[in-house]
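Everything on this sheet refers to the single structure shown next.
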Amino acid sequence: MQLEVMQKKENPLLKRTEVSFKAIHKAEPTPTRDALRAFLARELKATKDIVVIDSQASTFGRYETVGYAKVYKTKEEALAVERKHILVRNKLIEPEVKEKKVAAPKPEKPAPRAEKAEKPVAPPKAEAPKPEAKPEAKAEPKHEKPTAKEEKKPAKEERKPAEKKEEAKEEKKAEPKKKGGK
């Protein structure tokens, strides 16, 4: 793997050197962040623990990785300035593990038995005598046949809208006309 420093810039306020780089890795997989930190440290004559890789990206079909790194004066300054997730990625600090709520342990299931034991048979229960139904003198039919008048005129709710209009017309004809109207 070859490493080329494309741009190097001093940042005295944050006490670091900012570096843009290109790593060429023919016939090799994309280098890890840890391997790139080691190569950058060797190239810039620094120790690995003060080099922080901010970003790196490989392009499909090319054997190049382009990235941006920062080299601090001391590790304490790097820890004070850098964002936590970047420090975790560069393995300068351990990730904070959020405590998960521990669920109550599930009760263990009993081990399967080699032989099935016969279940004890319960004695049959004495059945209570059922009250006998008294026959009724005369059973009425559930549905009665409609009378002749009911067959001719169904209930208003059951009639079709056309039938309602006809009935309204017949009722108007049957009413006597009022005198003195316009």
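Going through the structure tokens in order, the chains are called A, B, and so on, while each chain numbers its residues from 1 and the ligands are numbered from 1 in the order shown.
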For segment 39-43 of chain A, work out the shell of residues within 9 Å, counting only C-alpha atoms and skipping chain neighbours fewer than 5 positions away, then give it as a PDB file with C-alpha atoms, in the first residue's frame.
ATOM      1  CA  MET A   1       0.000   0.000   0.000  1.00  0.00           C
ATOM      2  CA  GLN A   2       1.231   3.481  -0.886  1.00  0.00           C
ATOM      3  CA  LEU A   3       0.194   6.596   0.970  1.00  0.00           C
ATOM      4  CA  GLU A   4       0.285  10.067  -0.557  1.00  0.00           C
ATOM      5  CA  VAL A   5      -0.306  13.227   1.474  1.00  0.00           C
ATOM      6  CA  PHE A  21      -4.505  11.803   1.914  1.00  0.00           C
ATOM      7  CA  ASP A  34      -6.247   1.214  12.091  1.00  0.00           C
ATOM      8  CA  LYS A  48      -0.335   6.209  16.224  1.00  0.00           C
ATOM      9  CA  ASP A  49      -2.317   7.368  19.300  1.00  0.00           C
ATOM     10  CA  ILE A  50      -2.306  11.058  18.243  1.00  0.00           C
ATOM     11  CA  VAL A  51      -3.529  10.392  14.668  1.00  0.00           C
ATOM     12  CA  ALA A  69      -7.076  12.954   9.124  1.00  0.00           C
ATOM     13  CA  VAL A  71      -2.634  14.802  13.873  1.00  0.00           C
TER      14      VAL A  71
END
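One finds atom CA of Lys70 of chain A at 8.8 Å from atom CA of Ser20 of chain A.
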Within 9 Å of Glu77 of chain A, counting only C-alpha atoms, which residues show up once you throw out same-chain ones fewer than 6 positions away? Write them as an NGL selection string, please.
:A and (14-16 or 50)
Residues of segment 2-112 of chain A in strand (DSSP E or B), written as a ChimeraX atom specification:
/A:2-11,16-24,51-58,64-72
Would you kindly return, as a tab-separated table (two decimals) with C-alpha atoms, in the first residue's frame, each protein, DNA or RNA residue with an atom no farther than 12 Å from any atom of Glu28 of chain A, considering only C-alpha atoms and excluding same-chain residues fewer than 4 positions away?
chain	number	residue	atom	x	y	z
A	1	MET	CA	0.00	0.00	0.00
A	2	GLN	CA	1.23	3.48	-0.89
A	23	ALA	CA	-3.96	5.53	-0.18
A	24	ILE	CA	-3.36	3.32	-3.24
A	32	THR	CA	-8.79	-0.58	7.80
A	62	ARG	CA	-10.63	1.77	-8.12
A	63	TYR	CA	-7.84	0.81	-5.79
A	64	GLU	CA	-7.81	4.14	-4.00
A	65	THR	CA	-9.01	5.36	-0.64
Would you mind writing down, as a VMD selection string, each residue of segment 71-101 of chain A that DSSP on the backbone assigns to helix (DSSP H, G or I)?
chain A and resid 75 to 81 84 to 89
In Å and to one decimal, atom CA of Thr59 of chain A is distant from atom CA of His85 of chain A by 23.6 Å
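What separates atom CA of Ala38 of chain A from atom CA of Ile93 of chain A is a distance of 17.0 Å.
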Surrounding residues of Glu18 of chain A excluding itself and chain neighbours under 5 positions, 10 Å, only C-alpha atoms, as a list of chain:residue names:
A:Gln7, A:Lys8, A:Lys9, A:Glu10, A:Asn11, A:Val51, A:Val52, A:Ile53, A:Asp54, A:Tyr68, A:Ala69, A:Lys70, A:Val71, A:Tyr72
Expected file: the selected residues, N, CA and C atoms, as a PDB file, in the first residue's frame:
ATOM      1  N   GLN A   7      -2.646  17.173   0.894  1.00  0.00           N
ATOM      2  CA  GLN A   7      -2.644  18.524   1.433  1.00  0.00           C
ATOM      3  C   GLN A   7      -2.352  18.451   2.926  1.00  0.00           C
ATOM      4  N   LYS A   8      -1.563  19.397   3.402  1.00  0.00           N
ATOM      5  CA  LYS A   8      -1.201  19.428   4.816  1.00  0.00           C
ATOM      6  C   LYS A   8      -1.374  20.856   5.299  1.00  0.00           C
ATOM      7  N   LYS A   9      -2.106  21.043   6.414  1.00  0.00           N
ATOM      8  CA  LYS A   9      -2.406  22.383   6.904  1.00  0.00           C
ATOM      9  C   LYS A   9      -2.261  22.408   8.420  1.00  0.00           C
ATOM     10  N   GLU A  10      -1.576  23.407   8.945  1.00  0.00           N
ATOM     11  CA  GLU A  10      -1.408  23.571  10.394  1.00  0.00           C
ATOM     12  C   GLU A  10      -2.600  24.346  10.954  1.00  0.00           C
ATOM     13  N   ASN A  11      -3.080  23.920  12.116  1.00  0.00           N
ATOM     14  CA  ASN A  11      -4.165  24.612  12.811  1.00  0.00           C
ATOM     15  C   ASN A  11      -3.686  24.875  14.242  1.00  0.00           C
ATOM     16  N   VAL A  51      -2.964  10.268  16.017  1.00  0.00           N
ATOM     17  CA  VAL A  51      -3.529  10.392  14.668  1.00  0.00           C
ATOM     18  C   VAL A  51      -4.997   9.975  14.731  1.00  0.00           C
ATOM     19  N   VAL A  52      -5.865  10.860  14.235  1.00  0.00           N
ATOM     20  CA  VAL A  52      -7.312  10.589  14.212  1.00  0.00           C
ATOM     21  C   VAL A  52      -7.791  10.707  12.774  1.00  0.00           C
ATOM     22  N   ILE A  53      -8.340   9.615  12.237  1.00  0.00           N
ATOM     23  CA  ILE A  53      -8.893   9.657  10.880  1.00  0.00           C
ATOM     24  C   ILE A  53     -10.346  10.081  10.994  1.00  0.00           C
ATOM     25  N   ASP A  54     -10.654  11.221  10.377  1.00  0.00           N
ATOM     26  CA  ASP A  54     -12.010  11.762  10.446  1.00  0.00           C
ATOM     27  C   ASP A  54     -12.924  11.064   9.447  1.00  0.00           C
ATOM     28  N   TYR A  68      -9.462  12.085   5.206  1.00  0.00           N
ATOM     29  CA  TYR A  68      -9.100  13.306   5.920  1.00  0.00           C
ATOM     30  C   TYR A  68      -8.731  12.900   7.334  1.00  0.00           C
ATOM     31  N   ALA A  69      -7.555  13.329   7.789  1.00  0.00           N
ATOM     32  CA  ALA A  69      -7.076  12.954   9.124  1.00  0.00           C
ATOM     33  C   ALA A  69      -6.570  14.181   9.856  1.00  0.00           C
ATOM     34  N   LYS A  70      -6.451  14.039  11.194  1.00  0.00           N
ATOM     35  CA  LYS A  70      -5.939  15.117  12.044  1.00  0.00           C
ATOM     36  C   LYS A  70      -4.860  14.533  12.934  1.00  0.00           C
ATOM     37  N   VAL A  71      -3.740  15.237  13.034  1.00  0.00           N
ATOM     38  CA  VAL A  71      -2.634  14.802  13.873  1.00  0.00           C
ATOM     39  C   VAL A  71      -2.465  15.840  14.971  1.00  0.00           C
ATOM     40  N   TYR A  72      -2.706  15.428  16.226  1.00  0.00           N
ATOM     41  CA  TYR A  72      -2.639  16.341  17.366  1.00  0.00           C
ATOM     42  C   TYR A  72      -1.243  16.332  17.973  1.00  0.00           C
TER      43      TYR A  72
END
